[in-house]
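Source file entry14.txt; content: compact mmCIF, C-alpha atoms.
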# COMPACT_ATOMS: atom_id res chain seq x y z
CA MET Q 11 79.21 104.44 101.25
CA THR Q 12 79.94 100.74 101.51
CA ILE Q 13 79.35 98.00 98.99
CA SER Q 14 75.78 96.77 99.34
CA GLN Q 15 74.72 93.28 100.35
CA ASP Q 16 71.09 93.96 99.48
CA ALA Q 17 69.88 91.43 96.92
CA PHE Q 18 67.87 94.18 95.26
CA ALA Q 19 70.92 96.40 94.67
CA PRO Q 20 72.25 96.22 91.09
CA LEU Q 21 75.18 93.86 90.59
CA ILE Q 22 78.22 94.99 88.61
CA VAL Q 23 80.90 92.52 87.60
CA VAL Q 24 84.39 94.00 87.25
CA THR Q 25 87.04 92.18 85.21
CA GLY Q 26 90.68 92.82 86.04
CA ALA Q 27 89.62 93.69 89.58
CA THR Q 28 93.13 93.94 91.01
CA GLY Q 29 94.52 95.98 88.12
CA ALA Q 30 94.69 99.77 87.76
CA GLN Q 31 91.43 100.16 85.88
CA GLY Q 32 89.41 97.50 87.66
CA SER Q 33 90.37 98.60 91.16
CA SER Q 34 89.63 102.20 90.21
CA VAL Q 35 86.14 101.18 89.08
CA ILE Q 36 85.53 99.45 92.42
CA LYS Q 37 86.80 102.54 94.26
CA ALA Q 38 84.52 104.92 92.37
CA LEU Q 39 81.41 102.80 92.84
CA GLU Q 40 82.15 102.26 96.53
CA GLU Q 41 82.30 106.06 96.91
CA SER Q 42 78.85 106.50 95.31
CA SER Q 43 75.74 107.26 97.35
CA ARG Q 44 73.95 104.67 95.24
CA PRO Q 45 74.03 101.03 96.41
CA TYR Q 46 75.92 98.48 94.32
CA ARG Q 47 76.80 94.88 94.75
CA ILE Q 48 80.25 94.38 93.26
CA ARG Q 49 81.73 91.12 92.03
CA GLY Q 50 85.40 91.33 91.13
CA ILE Q 51 86.93 88.81 88.77
CA THR Q 52 90.49 87.73 89.46
CA ARG Q 53 92.58 84.71 88.50
CA ASP Q 54 93.49 83.94 92.11
CA PRO Q 55 91.59 85.44 95.09
CA SER Q 56 94.25 84.07 97.45
CA LYS Q 57 97.06 86.24 96.03
CA PRO Q 58 98.23 89.28 98.04
CA ALA Q 59 96.75 91.83 95.60
CA SER Q 60 93.36 90.14 95.82
CA GLN Q 61 93.50 89.90 99.61
CA THR Q 62 94.45 93.57 99.91
CA LEU Q 63 91.51 94.55 97.72
CA ALA Q 64 89.10 92.39 99.73
CA LYS Q 65 90.26 93.93 103.02
CA LYS Q 66 89.98 97.45 101.63
CA TYR Q 67 86.43 97.08 100.36
CA ASN Q 68 84.08 95.40 102.81
CA GLY Q 69 81.39 93.45 101.00
CA LEU Q 70 83.35 93.00 97.77
CA GLU Q 71 82.78 89.55 96.26
CA LEU Q 72 85.90 88.15 94.64
CA VAL Q 73 85.54 85.15 92.35
CA ALA Q 74 88.26 83.08 90.74
CA VAL Q 75 87.81 83.21 86.98
CA ASP Q 76 90.49 82.95 84.33
CA ALA Q 77 88.92 85.34 81.81
CA GLN Q 78 90.40 83.60 78.78
CA PRO Q 79 88.62 82.41 75.61
CA GLU Q 80 89.16 78.80 76.71
CA ASN Q 81 87.05 79.47 79.82
CA LYS Q 82 83.94 80.95 78.23
CA GLU Q 83 81.68 78.86 80.47
CA GLY Q 84 83.37 80.19 83.62
CA ILE Q 85 83.13 83.80 82.41
CA LEU Q 86 79.46 83.41 81.56
CA LYS Q 87 78.77 81.95 84.99
CA ALA Q 88 80.50 84.92 86.66
CA PHE Q 89 78.33 87.33 84.65
CA GLN Q 90 75.04 85.73 85.68
CA GLY Q 91 72.72 88.13 87.50
CA ALA Q 92 74.74 91.22 86.58
CA LYS Q 93 73.04 94.42 85.54
CA TYR Q 94 76.38 95.91 84.55
CA VAL Q 95 79.75 94.48 83.56
CA PHE Q 96 83.07 96.27 83.16
CA LEU Q 97 85.32 94.64 80.57
CA MET Q 98 89.00 95.15 79.85
CA THR Q 99 91.76 93.15 78.17
CA MET Q 100 95.51 92.79 78.55
CA SER Q 101 97.64 94.81 76.14
CA PRO Q 102 99.01 92.85 73.14
CA VAL Q 103 102.45 94.15 74.13
CA PHE Q 104 102.30 91.33 76.68
CA THR Q 105 100.33 88.85 74.54
CA SER Q 106 99.53 89.42 70.86
CA ARG Q 107 97.04 91.42 68.87
CA ALA Q 108 95.22 88.25 67.79
CA ARG Q 109 95.04 87.05 71.37
CA GLU Q 110 93.69 90.34 72.71
CA LEU Q 111 91.09 90.40 69.96
CA GLU Q 112 90.01 86.87 70.84
CA GLU Q 113 89.84 87.73 74.55
CA GLY Q 114 87.86 90.89 73.91
CA LYS Q 115 85.34 89.20 71.64
CA THR Q 116 84.88 86.38 74.16
CA LEU Q 117 84.08 88.87 76.93
CA ILE Q 118 81.67 90.74 74.64
CA ASP Q 119 79.94 87.49 73.65
CA CYS Q 120 79.55 86.50 77.30
CA ALA Q 121 78.06 89.89 78.23
CA LYS Q 122 75.58 89.50 75.38
CA ALA Q 123 74.71 85.92 76.34
CA ALA Q 124 74.21 86.89 80.00
CA ASN Q 125 71.65 89.56 78.98
CA VAL Q 126 73.58 92.27 80.81
CA GLU Q 127 71.68 95.55 80.73
CA LEU Q 128 74.77 97.71 80.13
CA THR Q 129 78.36 96.78 79.37
CA ILE Q 130 81.19 99.22 79.98
CA TRP Q 131 84.11 98.39 77.70
CA SER Q 132 87.62 99.79 78.04
CA GLY Q 133 88.49 100.45 74.42
CA LEU Q 134 90.93 102.71 72.56
CA GLU Q 135 91.11 104.52 69.25
CA ASP Q 136 91.85 102.98 65.84
CA MET Q 137 95.19 104.59 65.02
CA SER Q 138 95.44 102.81 61.67
CA LYS Q 139 92.18 104.46 60.65
CA HIS Q 140 92.97 107.89 62.10
CA SER Q 141 96.34 107.95 60.30
CA ASN Q 142 94.86 106.72 57.00
CA GLY Q 143 97.09 103.66 57.12
CA LYS Q 144 100.31 105.46 58.04
CA TYR Q 145 100.64 103.91 61.50
CA VAL Q 146 99.37 100.34 61.38
CA HIS Q 147 101.40 98.76 64.19
CA VAL Q 148 99.80 100.39 67.25
CA ASP Q 149 98.26 97.08 68.20
CA HIS Q 150 97.23 97.88 71.76
CA PHE Q 151 95.01 100.65 70.37
CA ASP Q 152 93.79 98.98 67.19
CA ALA Q 153 92.92 95.62 68.75
CA LYS Q 154 90.66 97.30 71.29
CA ALA Q 155 89.10 99.41 68.53
CA GLU Q 156 88.31 96.23 66.62
CA VAL Q 157 86.60 94.76 69.69
CA THR Q 158 84.55 97.97 69.93
CA GLU Q 159 83.38 97.52 66.35
CA TYR Q 160 82.52 93.88 67.05
CA ALA Q 161 80.36 94.92 70.03
CA LYS Q 162 78.48 97.31 67.74
CA GLN Q 163 77.99 94.61 65.10
CA ILE Q 164 76.37 92.13 67.49
CA GLY Q 165 74.07 94.79 68.96
CA LEU Q 166 75.49 94.90 72.48
CA ALA Q 167 74.30 97.75 74.70
CA PHE Q 168 77.61 99.27 75.79
CA VAL Q 169 79.58 102.40 76.55
CA ASN Q 170 83.19 102.66 75.43
CA VAL Q 171 85.25 104.31 78.21
CA GLU Q 172 88.70 104.99 76.76
CA ALA Q 173 91.53 105.47 79.26
CA ALA Q 174 94.06 108.19 78.49
CA GLY Q 175 97.79 107.69 78.99
CA TYR Q 176 98.54 106.58 82.54
CA MET Q 177 100.20 109.21 84.70
CA GLN Q 178 101.60 106.23 86.62
CA ASN Q 179 103.83 105.48 83.63
CA TYR Q 180 105.97 108.48 84.58
CA SER Q 181 106.79 106.80 87.88
CA THR Q 182 107.29 103.28 86.51
CA PHE Q 183 108.61 102.00 83.17
CA ALA Q 184 108.55 105.43 81.46
CA ALA Q 185 110.17 107.30 84.37
CA PRO Q 186 112.82 109.91 83.59
CA ARG Q 187 116.26 108.33 83.17
CA LYS Q 188 119.20 109.70 85.12
CA GLN Q 189 121.99 111.16 82.98
CA ALA Q 190 125.71 111.44 83.63
CA ASP Q 191 125.36 115.13 84.54
CA GLY Q 192 122.74 114.39 87.21
CA THR Q 193 119.75 115.56 85.19
CA TYR Q 194 116.82 113.31 84.24
CA LEU Q 195 115.65 112.69 80.70
CA LEU Q 196 112.26 111.99 79.17
CA ALA Q 197 112.63 111.02 75.51
CA THR Q 198 110.31 109.84 72.73
CA PRO Q 199 110.17 110.40 68.93
CA ALA Q 200 107.38 112.97 69.42
CA PRO Q 201 108.04 116.74 69.28
CA ALA Q 202 108.32 118.49 72.64
CA ASP Q 203 105.23 120.61 71.94
CA SER Q 204 103.01 117.66 70.99
CA ILE Q 205 100.16 116.89 73.34
CA ILE Q 206 99.16 113.76 75.21
CA ALA Q 207 95.99 113.13 77.21
CA LEU Q 208 96.70 111.81 80.71
CA ILE Q 209 94.83 110.35 83.67
CA ASP Q 210 95.70 109.21 87.17
CA THR Q 211 94.29 105.77 86.42
CA ASN Q 212 94.31 104.40 89.95
CA GLU Q 213 92.45 107.37 91.38
CA ASP Q 214 90.20 108.53 88.58
CA TYR Q 215 89.48 106.10 85.74
CA GLY Q 216 86.56 104.67 87.70
CA LEU Q 217 84.90 108.10 87.81
CA PHE Q 218 84.20 107.83 84.10
CA VAL Q 219 82.79 104.32 84.41
CA ARG Q 220 80.57 105.55 87.22
CA LYS Q 221 79.43 108.37 84.95
CA ALA Q 222 78.50 105.85 82.26
CA ILE Q 223 76.25 104.09 84.78
CA GLU Q 224 74.80 107.01 86.74
CA ASN Q 225 74.62 109.66 84.00
CA PRO Q 226 73.79 107.60 80.91
CA GLY Q 227 73.57 109.00 77.41
CA ALA Q 228 77.03 108.98 75.87
CA SER Q 229 78.17 105.96 73.88
CA GLU Q 230 81.82 107.00 74.14
CA ILE Q 231 83.50 108.57 77.16
CA TYR Q 232 87.11 109.77 77.11
CA ALA Q 233 88.68 109.14 80.49
CA TYR Q 234 91.30 111.86 80.84
CA ALA Q 235 92.15 114.62 83.30
CA GLU Q 236 94.05 116.99 81.06
CA GLU Q 237 96.02 117.32 77.86
CA ILE Q 238 99.64 118.34 78.35
CA THR Q 239 102.72 118.75 76.17
CA HIS Q 240 105.75 116.58 76.74
CA ALA Q 241 107.77 119.69 77.52
CA ASN Q 242 105.27 120.87 80.10
CA ALA Q 243 105.20 117.44 81.76
CA ALA Q 244 108.98 117.63 82.19
CA LYS Q 245 108.72 121.18 83.47
CA GLN Q 246 106.14 120.27 86.10
CA LEU Q 247 108.18 117.28 87.21
CA SER Q 248 111.19 119.59 87.65
CA GLU Q 249 109.33 122.30 89.55
CA ILE Q 250 107.56 119.94 91.93
CA THR Q 251 110.29 117.36 92.61
CA GLY Q 252 113.19 119.82 92.67
CA LYS Q 253 115.10 117.66 90.18
CA THR Q 254 116.10 118.81 86.71
CA VAL Q 255 113.90 116.88 84.28
CA VAL Q 256 114.16 117.66 80.57
CA TYR Q 257 112.34 116.37 77.52
CA MET Q 258 114.14 115.51 74.29
CA GLN Q 259 112.77 114.42 70.95
CA ILE Q 260 114.95 111.58 69.70
CA THR Q 261 115.01 109.68 66.41
CA GLU Q 262 112.81 106.69 65.80
CA GLU Q 263 115.85 104.42 65.70
CA GLN Q 264 117.20 105.79 68.98
CA TYR Q 265 113.86 105.20 70.65
CA LYS Q 266 113.52 101.65 69.29
CA LYS Q 267 117.01 100.83 70.51
CA GLY Q 268 116.09 102.06 73.98
CA ILE Q 269 112.99 99.87 74.04
CA THR Q 270 114.79 96.71 72.94
CA SER Q 271 117.67 97.35 75.34
CA ALA Q 272 115.06 97.39 78.12
CA GLY Q 273 114.18 93.82 77.21
CA LEU Q 274 111.13 94.28 74.98
CA SER Q 275 110.84 92.87 71.47
CA GLU Q 276 111.41 94.68 68.18
CA VAL Q 277 107.68 94.32 67.55
CA ALA Q 278 106.97 96.20 70.79
CA ALA Q 279 109.59 98.82 69.91
CA LEU Q 280 107.88 99.50 66.57
CA GLU Q 281 104.49 99.59 68.25
CA PHE Q 282 105.49 102.18 70.86
CA THR Q 283 107.34 104.26 68.28
CA GLU Q 284 104.30 104.46 66.03
CA MET Q 285 102.08 105.12 69.05
CA TRP Q 286 103.99 108.29 69.94
CA LEU Q 287 104.01 109.48 66.35
CA ALA Q 288 100.32 108.76 65.87
CA ILE Q 289 99.41 110.62 69.06
CA ALA Q 290 101.62 113.56 68.05
CA ASN Q 291 99.99 113.82 64.63
CA TYR Q 292 96.39 112.80 65.30
CA THR Q 293 96.05 113.25 69.10
CA TYR Q 294 95.36 110.50 71.60
CA TYR Q 295 91.66 110.47 70.73
CA GLY Q 296 91.91 111.05 66.99
CA ASN Q 297 90.99 114.75 67.09
CA LYS Q 298 87.58 114.00 68.62
CA GLU Q 299 85.73 116.43 70.90
CA ILE Q 300 86.57 115.22 74.40
CA LYS Q 301 85.87 118.02 76.87
CA SER Q 302 82.24 116.95 77.38
CA SER Q 303 83.57 113.76 78.99
CA LEU Q 304 84.69 115.85 81.98
CA GLN Q 305 81.11 116.95 82.63
CA GLY Q 306 78.90 115.03 85.05
CA LEU Q 307 81.71 113.39 87.00
CA ALA Q 308 81.34 112.77 90.74
CA ARG Q 309 84.46 114.88 91.32
CA THR Q 310 87.23 116.56 89.37
CA PRO Q 311 90.04 114.19 88.35
CA ARG Q 312 93.61 114.94 89.40
CA THR Q 313 95.80 117.10 87.20
CA PHE Q 314 99.30 115.95 86.32
CA ALA Q 315 100.73 118.40 88.84
CA GLU Q 316 98.50 116.97 91.57
CA PHE Q 317 99.60 113.46 90.64
CA VAL Q 318 103.27 114.46 90.83
CA LYS Q 319 102.73 116.08 94.25
CA ALA Q 320 100.99 112.96 95.57
CA THR Q 321 103.71 110.58 94.36
CA ASP Q 322 106.85 109.62 96.29
CA TRP Q 323 109.71 110.21 93.85
CA SER Q 324 112.55 109.48 96.27
CA ALA Q 325 113.27 106.03 94.86
CA ILE Q 326 112.57 107.06 91.28
CA LEU Q 327 114.59 110.25 90.95
CA ASN Q 328 117.55 109.32 93.15

Take the structure I supplied and represent it as structure tokens, if you would.
Amino acid sequence: MTISQDAFAPLIVVTGATGAQGSSVIKALEESSRPYRIRGITRDPSKPASQTLAKKYNGLELVAVDAQPENKEGILKAFQGAKYVFLMTMSPVFTSRARELEEGKTLIDCAKAANVELTIWSGLEDMSKHSNGKYVHVDHFDAKAEVTEYAKQIGLAFVNVEAAGYMQNYSTFAAPRKQADGTYLLATPAPADSIIALIDTNEDYGLFVRKAIENPGASEIYAYAEEITHANAAKQLSEITGKTVVYMQITEEQYKKGITSAGLSEVAALEFTEMWLAIANYTYYGNKEIKSSLQGLARTPRTFAEFVKATDWSAILN
């Protein structure tokens, strides 16, 4: 299908249109047999990423909106006429927890003020709550969870579609590191047999947003393809790429040192350390039932093995 230009087709506004989640939402809706008008929000429609997106999806409307709390009027204007909006915020690793919370609440307020029929919000779990206060520094989870609670408090009609860990991380900043002996190492403070939920975000996150729209009913949808142990992820990388990739559980201090040596702050190092430990002890989704989220999708999401096979590792594992 193509994106509809029919004025009677429902309009969905997608924030973060050029990002992994936003572009995946556009992709999934464009693939649907149902007609949608799609308005993508981006800071600068003239940038290469925006132009590439516009060329790829004929009929996509791109509007320049800086989706920040200081621009509430501009956000509200962009939401006018929408039946659906997809909302996401930048991780506090790159801003701050207070800032993400402010951004999230602003977007929620604008969706409410625009009388949007259904909001799809990209939230995450409250790791402070799941760990009974043991892990209280996982800000990029907890800030989103706080926005989710705010949306409930103000009576917004919304579905929380929580993205699992990005498979793309294995080919970017969390890629295996080459060792002196020629092998490649994956290392976190989590045990090798602990499990993480994963998704090929670019390809498949939008499937779950599409499900929220076309198969309504659930208030929470867990956007994941499979749960896999760290050891098994390394094994599959080895078998498919032909390189020797191993997983090692390292100490919290070793992990923090690796994060700070990569240029991130000590605050970020603590956050990522507690994230891995929280996931290892309480699972990515806080021990919730998640398999029902895989039902009613337009197609089956990629497994980790399928993601590895589809990825060019030549410049990553060289």

Considering all atoms listed in the file, tabulate each residue of stretch 119-208 of chain Q that lies at most 10 Å from stretch 215-226 of chain Q along with its nearest interatomic pair and the corresponding distance in Å to one decimal; arrange the rows by chain and ascending residue number and present them as CSV.
residue,atom,partner,partner_atom,distance
Q:Leu128,CA,Q:Ile223,CA,8.0
Q:Thr129,CA,Q:Ile223,CA,9.3
Q:Ile130,CA,Q:Val219,CA,6.9
Q:Trp131,CA,Q:Val219,CA,9.1
Q:Ser132,CA,Q:Val219,CA,9.2
Q:Phe168,CA,Q:Ala222,CA,9.3
Q:Val169,CA,Q:Ala222,CA,6.8
Q:Asn170,CA,Q:Ala222,CA,8.9
Q:Val171,CA,Q:Val219,CA,6.7
Q:Glu172,CA,Q:Phe218,CA,9.1
Q:Ala173,CA,Q:Tyr215,CA,6.8
Q:Ala174,CA,Q:Tyr215,CA,8.8
Q:Tyr176,CA,Q:Tyr215,CA,9.6

Could you take the residues named above and write them with C-alpha atoms, as a short mmCIF file (atom, residue, chain, number, x, y, z; two decimals), in the frame of the given file?
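Output file part_38.cif is given in full below:
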data_model
loop_
_atom_site.label_atom_id
_atom_site.label_comp_id
_atom_site.auth_asym_id
_atom_site.auth_seq_id
_atom_site.Cartn_x
_atom_site.Cartn_y
_atom_site.Cartn_z
CA LEU Q 128 74.77 97.71 80.13
CA THR Q 129 78.36 96.78 79.37
CA ILE Q 130 81.19 99.22 79.98
CA TRP Q 131 84.11 98.39 77.70
CA SER Q 132 87.62 99.79 78.04
CA PHE Q 168 77.61 99.27 75.79
CA VAL Q 169 79.58 102.40 76.55
CA ASN Q 170 83.19 102.66 75.43
CA VAL Q 171 85.25 104.31 78.21
CA GLU Q 172 88.70 104.99 76.76
CA ALA Q 173 91.53 105.47 79.26
CA ALA Q 174 94.06 108.19 78.49
CA TYR Q 176 98.54 106.58 82.54
#

- One-decimal distance in Å that lies between atom CA of Q:Tyr94 and atom CA of Q:Asp136: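 These two atoms are separated by 25.3 Å.
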
Compile a residue-level contact table for stretch 118-227 of chain Q against stretch 256-275 of chain Q at a cut-off of 7 Å, reporting for every qualifying residue the shortest atom pair and its distance in Å to one decimal, with all atoms listed in the file counted, rows ordered by chain and ascending number, as CSV.
residue,atom,partner,partner_atom,distance
Q:Tyr194,CA,Q:Val256,CA,6.3
Q:Leu195,CA,Q:Val256,CA,5.2
Q:Leu196,CA,Q:Tyr257,CA,4.7
Q:Ala197,CA,Q:Met258,CA,4.9
Q:Thr198,CA,Q:Gln259,CA,5.5
Q:Pro199,CA,Q:Ile260,CA,5.0
Q:Ala200,CA,Q:Gln259,CA,5.8
Q:Pro201,CA,Q:Gln259,CA,5.5
Q:Ala202,CA,Q:Gln259,CA,6.3

- Item | Among the residues Q:Ser56, Q:Gln90, Q:Ser324, Q:Gln246, the one that comes closest to Q:Val23 [using only C-alpha atoms] |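 Distance minimum relative to Q:Val23 lands on Q:Gln90.
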
- Message: Can you measure atom CA of Q:Ser138 to atom CA of Q:Asp152 for me? One decimal in Å is fine.
- Response: 6.9 Å

- Counting only C-alpha atoms, the residue of Q:Val24, Q:Ile118, Q:Ala108, Q:Ala235 that sits nearest Q:Val75: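 Selected residue with least distance to Q:Val75: Q:Val24.
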
Can you pull out every residue within 12 Å of Q:Leu247, counting only C-alpha atoms, but drop anything in the same chain fewer than 4 positions away, and send it as a short mmCIF file (atom, residue, chain, number, x, y, z; two decimals) with C-alpha atoms, in the coordinates of the input?
data_model
loop_
_atom_site.label_atom_id
_atom_site.label_comp_id
_atom_site.auth_asym_id
_atom_site.auth_seq_id
_atom_site.Cartn_x
_atom_site.Cartn_y
_atom_site.Cartn_z
CA MET Q 177 100.20 109.21 84.70
CA TYR Q 180 105.97 108.48 84.58
CA SER Q 181 106.79 106.80 87.88
CA ALA Q 185 110.17 107.30 84.37
CA PRO Q 186 112.82 109.91 83.59
CA THR Q 193 119.75 115.56 85.19
CA TYR Q 194 116.82 113.31 84.24
CA LEU Q 195 115.65 112.69 80.70
CA LEU Q 196 112.26 111.99 79.17
CA HIS Q 240 105.75 116.58 76.74
CA ALA Q 241 107.77 119.69 77.52
CA ASN Q 242 105.27 120.87 80.10
CA ALA Q 243 105.20 117.44 81.76
CA THR Q 251 110.29 117.36 92.61
CA GLY Q 252 113.19 119.82 92.67
CA LYS Q 253 115.10 117.66 90.18
CA THR Q 254 116.10 118.81 86.71
CA VAL Q 255 113.90 116.88 84.28
CA VAL Q 256 114.16 117.66 80.57
CA TYR Q 257 112.34 116.37 77.52
CA PHE Q 314 99.30 115.95 86.32
CA ALA Q 315 100.73 118.40 88.84
CA GLU Q 316 98.50 116.97 91.57
CA PHE Q 317 99.60 113.46 90.64
CA VAL Q 318 103.27 114.46 90.83
CA LYS Q 319 102.73 116.08 94.25
CA ALA Q 320 100.99 112.96 95.57
CA THR Q 321 103.71 110.58 94.36
CA ASP Q 322 106.85 109.62 96.29
CA TRP Q 323 109.71 110.21 93.85
CA ILE Q 326 112.57 107.06 91.28
CA LEU Q 327 114.59 110.25 90.95
#

Select from stretch 93-167 of chain Q every residue with an atom at most 7 Å from any atom of stretch 290-312 of chain Q, then for each give the shortest pair of atoms and their distance in Å to one decimal, using only C-alpha atoms, rows by chain and rising number, as a Markdown table.
| residue | atom | partner | partner_atom | distance |
| --- | --- | --- | --- | --- |
| Q:Glu135 | CA | Q:Tyr295 | CA | 6.2 |
| Q:His140 | CA | Q:Gly296 | CA | 5.9 |
| Q:Ser141 | CA | Q:Tyr292 | CA | 7.0 |

- Message: I'd like the interatomic distance between atom CA of Q:Ser204 and atom CA of Q:Thr239, to a tenth of an Å.
- Response: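 It comes out at 5.3 Å.
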
Let me know the centre plus edge lengths, in Å and rounded to one decimal, of a box with edges along x, y and z that contains all listed atoms of stretch 114-127 of chain Q and is padded by 3 Å on every side, as AutoDock Vina command-line options.
--center_x 79.8 --center_y 90.7 --center_z 76.2 --size_x 22.2 --size_y 15.6 --size_z 15.2

- Item | Nearest to Q:Thr28 by atom-to-atom distance, counting all atoms listed in the file, from Q:Asp54, Q:Glu110, Q:Glu213, Q:Glu281 |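 With all atoms listed in the file as the atom set, the closest residue is Q:Asp54.
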
- Task: Would you list the contacts of Q:Arg53 as a list in words, taking every protein, DNA or RNA residue within 9 Å and counting only C-alpha atoms, but skipping same-chain residues closer than 4 positions in sequence?
- Result: Gly26, Lys57, Val73, Ala74, Val75, Asp76 and Ala77 of chain Q

- Message: Restricting the calculation to all atoms listed in the file: of Q:Leu97, Q:Ile48, Q:Leu86, Q:Leu117, which residue gets closest to Q:Gln31?
- Response: Q:Leu97

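Of the residues listed (Q:Gln15, Q:Phe282, Q:Leu208, Q:Met98), Q:Met98 shows the shortest atom-to-atom separation from Q:Val35; distances use all atoms listed in the file.
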
Supply stretch 44-59 of chain Q as a compact mmCIF listing (two decimals), in the frame of the given file, with N, CA, C and O atoms built in where the input has gaps.
# COMPACT_ATOMS: atom_id res chain seq x y z
N ARG Q 44 74.85 105.71 95.72
CA ARG Q 44 73.95 104.67 95.24
C ARG Q 44 74.48 103.29 95.67
O ARG Q 44 75.69 103.07 95.70
N PRO Q 45 73.58 102.37 95.98
CA PRO Q 45 74.03 101.03 96.41
C PRO Q 45 74.39 100.16 95.21
O PRO Q 45 73.68 100.13 94.20
N TYR Q 46 75.50 99.45 95.33
CA TYR Q 46 75.92 98.48 94.32
C TYR Q 46 76.41 97.23 95.00
O TYR Q 46 77.11 97.30 96.02
N ARG Q 47 76.08 96.10 94.43
CA ARG Q 47 76.80 94.88 94.75
C ARG Q 47 77.92 94.76 93.73
O ARG Q 47 77.71 95.01 92.54
N ILE Q 48 79.10 94.42 94.17
CA ILE Q 48 80.25 94.38 93.26
C ILE Q 48 80.91 93.01 93.33
O ILE Q 48 81.27 92.53 94.40
N ARG Q 49 81.05 92.42 92.17
CA ARG Q 49 81.73 91.12 92.03
C ARG Q 49 82.99 91.35 91.20
O ARG Q 49 82.93 91.71 90.02
N GLY Q 50 84.13 91.15 91.82
CA GLY Q 50 85.40 91.33 91.13
C GLY Q 50 85.93 90.01 90.62
O GLY Q 50 85.94 89.01 91.34
N ILE Q 51 86.36 90.01 89.37
CA ILE Q 51 86.93 88.81 88.77
C ILE Q 51 88.45 88.88 88.85
O ILE Q 51 89.07 89.87 88.46
N THR Q 52 89.04 87.82 89.35
CA THR Q 52 90.49 87.73 89.46
C THR Q 52 90.91 86.28 89.24
O THR Q 52 90.14 85.36 89.52
N ARG Q 53 92.12 86.08 88.74
CA ARG Q 53 92.58 84.71 88.50
C ARG Q 53 92.73 83.93 89.81
O ARG Q 53 92.45 82.74 89.87
N ASP Q 54 93.20 84.63 90.85
CA ASP Q 54 93.49 83.94 92.11
C ASP Q 54 93.15 84.83 93.31
O ASP Q 54 93.93 85.70 93.68
N PRO Q 55 91.99 84.62 93.94
CA PRO Q 55 91.59 85.44 95.09
C PRO Q 55 92.51 85.30 96.30
O PRO Q 55 92.45 86.11 97.22
N SER Q 56 93.37 84.28 96.30
CA SER Q 56 94.25 84.07 97.45
C SER Q 56 95.55 84.89 97.35
O SER Q 56 96.29 84.97 98.33
N LYS Q 57 95.82 85.47 96.20
CA LYS Q 57 97.06 86.24 96.03
C LYS Q 57 97.02 87.53 96.84
O LYS Q 57 95.94 88.06 97.13
N PRO Q 58 98.19 88.07 97.21
CA PRO Q 58 98.23 89.28 98.04
C PRO Q 58 97.43 90.46 97.48
O PRO Q 58 96.73 91.13 98.25
N ALA Q 59 97.49 90.70 96.19
CA ALA Q 59 96.75 91.83 95.60
C ALA Q 59 95.25 91.66 95.79
O ALA Q 59 94.53 92.62 96.09
